[in-house]
Amino acid sequence: FDESIKVCDEILDGFGDDDQPSMRARVAQELLRKAYCQGELGHFDEQLATLDDVVARFSESIEPNIRNQVAAALEGKEVALGGAGRFEDAIKVTDEVFRRYADATQPGLRARAAAALDHKGGWLAELGRTTKAIATWDDLDARYRESSDPELRLVVAHALLGKAVSLTATGQRSSSTDIYRRLISRYRSDGQPEMDRFLANAHVNIAMDLASNGG
């Protein structure tokens, strides 16, 4: 990873100020790769600084590829903060992602906004704020449940799983079973492999809930 970071730095030194769209996209890509390597090395502060650099350099870009890279940088920062136990800071980043991309028309960006809400629910649950977590997942479901976009459908399904797991954790097994059944009914014909895994998890968890309830 150290060698990869050196290569990234050489590219950044040579082309970091290049204004050509293709080179700007390359620079953003190299910064993301550098941040990944820093994370793998455990260089947390450096990783966050690199991700912040991506956002600072390119947040005003209208190039679709670069917009995706800025969104990826924000998501990477959020995940890094959450992984370090800094859940409040991670939530702030999810709010920024949602603010930036909730109304985006570019493919993929609305899914990132929805994923930010899903992640926010997860971080709130980690903080023991189950009621707020469930409200966040409910908001996500209400906003995107009618979407035919495959990415958005996966995000909504994952949010329903998160809600159900949180209900189980607070002893509300009958309510969680209802959520699992709703998930299965809504997405049984979806056909995406990842969705099939979500549905399999829902079936298993229903069985566990029923067993715990003596059913």
# chains A, B, ... in the order shown; residues from 1 in each chain; ligands from 1
>>> select_by_dssp(residues="chain A", states="alpha helix (DSSP H)", output="VMD selection string")
chain A and resid 2 to 15 21 to 40 44 to 58 64 to 83 87 to 101 109 to 126 130 to 144 150 to 169 173 to 187 193 to 212
>>> closest_residue(among="A:Ala49, A:Leu140, A:Ile206, A:Val55", to="Val156 in chain A", atoms="only C-alpha atoms")
A:Leu140
>>> residues_around(residues="Val204 in chain A", least_positions_apart="5", cutoff="12 Å", atoms="only C-alpha atoms", output="VMD selection string")
chain A and resid 161 177 180 to 181 184 197 to 199 209 to 211
>>> residues_around(residues="range 65-72 of chain A", least_positions_apart="3", cutoff="6 Å", atoms="only C-alpha atoms", output="NGL selection string")
:A and (25 or 55 or 75-76)
>>> write_last_selection(atoms="N, CA, C and O atoms", output="PDB file, in the first residue's frame")
ATOM      1  N   ALA A  25     -10.863  13.838 -13.647  1.00  0.00           N
ATOM      2  CA  ALA A  25     -11.458  12.576 -13.218  1.00  0.00           C
ATOM      3  C   ALA A  25     -10.377  11.600 -12.762  1.00  0.00           C
ATOM      4  O   ALA A  25     -10.558  10.869 -11.777  1.00  0.00           O
ATOM      5  N   VAL A  55     -13.419  16.199  -1.984  1.00  0.00           N
ATOM      6  CA  VAL A  55     -14.624  17.026  -1.908  1.00  0.00           C
ATOM      7  C   VAL A  55     -14.280  18.491  -2.150  1.00  0.00           C
ATOM      8  O   VAL A  55     -14.972  19.192  -2.899  1.00  0.00           O
ATOM      9  N   GLU A  75     -19.044   9.133   1.033  1.00  0.00           N
ATOM     10  CA  GLU A  75     -19.457   7.845   1.589  1.00  0.00           C
ATOM     11  C   GLU A  75     -18.289   7.150   2.282  1.00  0.00           C
ATOM     12  O   GLU A  75     -18.437   6.547   3.347  1.00  0.00           O
ATOM     13  N   GLY A  76     -17.103   7.233   1.663  1.00  0.00           N
ATOM     14  CA  GLY A  76     -15.923   6.636   2.289  1.00  0.00           C
ATOM     15  C   GLY A  76     -15.605   7.284   3.619  1.00  0.00           C
ATOM     16  O   GLY A  76     -15.233   6.601   4.588  1.00  0.00           O
TER      17      GLY A  76
END
>>> residues_around(residues="His158 in chain A", least_positions_apart="6", cutoff="12 Å", atoms="only C-alpha atoms", output="NGL selection string")
:A and (114-119 or 121-122 or 137-138 or 140-141 or 145 or 151-152 or 164-165 or 179-180 or 183-184 or 187 or 194-199 or 201-202)
>>> write_last_selection(atoms="N, CA, C and O atoms", output="compact mmCIF listing (two decimals), in the first residue's frame")
# COMPACT_ATOMS: atom_id res chain seq x y z
N ALA A 114 -30.21 7.76 -0.91
CA ALA A 114 -31.02 6.79 -0.16
C ALA A 114 -30.14 5.95 0.75
O ALA A 114 -30.50 5.68 1.91
N ALA A 115 -28.98 5.52 0.24
CA ALA A 115 -28.06 4.74 1.06
C ALA A 115 -27.59 5.53 2.26
O ALA A 115 -27.38 4.96 3.35
N ALA A 116 -27.41 6.84 2.10
CA ALA A 116 -27.01 7.67 3.23
C ALA A 116 -28.06 7.64 4.33
O ALA A 116 -27.74 7.55 5.52
N LEU A 117 -29.35 7.69 3.94
CA LEU A 117 -30.41 7.57 4.95
C LEU A 117 -30.36 6.20 5.62
O LEU A 117 -30.55 6.08 6.84
N ASP A 118 -30.14 5.16 4.83
CA ASP A 118 -30.05 3.81 5.39
C ASP A 118 -28.91 3.73 6.40
O ASP A 118 -29.07 3.21 7.51
N HIS A 119 -27.76 4.26 6.01
CA HIS A 119 -26.61 4.25 6.92
C HIS A 119 -26.89 5.07 8.18
O HIS A 119 -26.51 4.67 9.29
N GLY A 121 -29.70 5.48 9.64
CA GLY A 121 -30.48 4.63 10.52
C GLY A 121 -29.60 3.65 11.29
O GLY A 121 -29.79 3.44 12.48
N GLY A 122 -28.63 3.08 10.59
CA GLY A 122 -27.72 2.14 11.25
C GLY A 122 -26.88 2.79 12.33
O GLY A 122 -26.71 2.22 13.43
N TRP A 137 -35.53 5.05 8.75
CA TRP A 137 -35.81 3.99 7.78
C TRP A 137 -37.22 4.12 7.21
O TRP A 137 -37.43 3.86 6.02
N ASP A 138 -38.17 4.55 8.03
CA ASP A 138 -39.53 4.78 7.53
C ASP A 138 -39.56 5.90 6.50
O ASP A 138 -40.28 5.82 5.49
N LEU A 140 -37.09 6.78 4.54
CA LEU A 140 -36.49 6.23 3.33
C LEU A 140 -37.52 5.40 2.56
O LEU A 140 -37.67 5.55 1.33
N ASP A 141 -38.23 4.54 3.28
CA ASP A 141 -39.23 3.68 2.64
C ASP A 141 -40.31 4.51 1.97
O ASP A 141 -40.72 4.25 0.83
N ARG A 145 -40.10 3.76 -1.97
CA ARG A 145 -40.68 2.42 -2.11
C ARG A 145 -41.28 2.17 -3.50
O ARG A 145 -41.35 1.02 -3.94
N GLU A 151 -31.08 -0.24 -8.02
CA GLU A 151 -30.23 0.16 -6.89
C GLU A 151 -31.08 0.67 -5.72
O GLU A 151 -30.85 0.32 -4.56
N LEU A 152 -32.05 1.51 -6.04
CA LEU A 152 -32.91 2.06 -4.99
C LEU A 152 -33.74 0.96 -4.32
O LEU A 152 -33.95 0.98 -3.10
N ALA A 164 -36.37 -4.10 10.86
CA ALA A 164 -36.84 -5.34 11.48
C ALA A 164 -35.87 -5.85 12.54
O ALA A 164 -36.28 -6.28 13.63
N VAL A 165 -34.58 -5.79 12.23
CA VAL A 165 -33.58 -6.24 13.20
C VAL A 165 -33.62 -5.39 14.46
O VAL A 165 -33.53 -5.90 15.59
N ILE A 179 -42.59 -6.81 9.27
CA ILE A 179 -41.72 -6.12 8.32
C ILE A 179 -41.07 -7.12 7.37
O ILE A 179 -41.00 -6.89 6.15
N TYR A 180 -40.60 -8.25 7.90
CA TYR A 180 -40.01 -9.26 7.03
C TYR A 180 -41.01 -9.75 5.99
O TYR A 180 -40.67 -9.92 4.82
N LEU A 183 -41.43 -7.19 3.32
CA LEU A 183 -40.27 -7.23 2.44
C LEU A 183 -40.39 -8.36 1.42
O LEU A 183 -40.18 -8.15 0.21
N ILE A 184 -40.75 -9.53 1.89
CA ILE A 184 -40.87 -10.69 1.00
C ILE A 184 -41.97 -10.48 -0.03
O ILE A 184 -41.80 -10.74 -1.23
N TYR A 187 -40.86 -7.75 -2.73
CA TYR A 187 -39.70 -7.95 -3.60
C TYR A 187 -39.48 -9.39 -4.04
O TYR A 187 -38.44 -9.70 -4.62
N GLU A 194 -28.62 -10.02 -5.03
CA GLU A 194 -28.50 -9.44 -3.69
C GLU A 194 -29.87 -9.37 -3.02
O GLU A 194 -29.98 -9.59 -1.81
N MET A 195 -30.90 -9.08 -3.79
CA MET A 195 -32.25 -9.07 -3.22
C MET A 195 -32.64 -10.47 -2.75
O MET A 195 -33.28 -10.62 -1.70
N ASP A 196 -32.26 -11.47 -3.53
CA ASP A 196 -32.56 -12.85 -3.12
C ASP A 196 -31.92 -13.17 -1.77
O ASP A 196 -32.50 -13.88 -0.95
N ARG A 197 -30.72 -12.63 -1.54
CA ARG A 197 -30.07 -12.85 -0.24
C ARG A 197 -30.85 -12.15 0.87
O ARG A 197 -31.00 -12.69 1.97
N PHE A 198 -31.32 -10.94 0.59
CA PHE A 198 -32.13 -10.23 1.58
C PHE A 198 -33.39 -11.03 1.92
O PHE A 198 -33.78 -11.15 3.09
N LEU A 199 -34.03 -11.58 0.90
CA LEU A 199 -35.26 -12.34 1.11
C LEU A 199 -34.97 -13.62 1.91
O LEU A 199 -35.76 -14.00 2.78
N ASN A 201 -32.59 -13.99 4.09
CA ASN A 201 -32.40 -13.54 5.48
C ASN A 201 -33.74 -13.29 6.16
O ASN A 201 -33.93 -13.64 7.34
N ALA A 202 -34.67 -12.70 5.42
CA ALA A 202 -35.99 -12.42 6.00
C ALA A 202 -36.70 -13.71 6.37
O ALA A 202 -37.30 -13.81 7.45
>>> atom_distance(atom1="CA of Arg129 in chain A", atom2="CA of Gly162 in chain A")
13.2 Å
>>> closest_residue(among="A:Arg186, A:Lys77, A:Lys34, A:Arg57", to="Glu96 in chain A", atoms="only C-alpha atoms")
A:Lys77
>>> residues_around(residues="Glu30 in chain A", least_positions_apart="2", cutoff="9 Å", atoms="only C-alpha atoms", output="VMD selection string")
chain A and resid 5 7 to 9 11 to 12 25 to 28 32 to 35
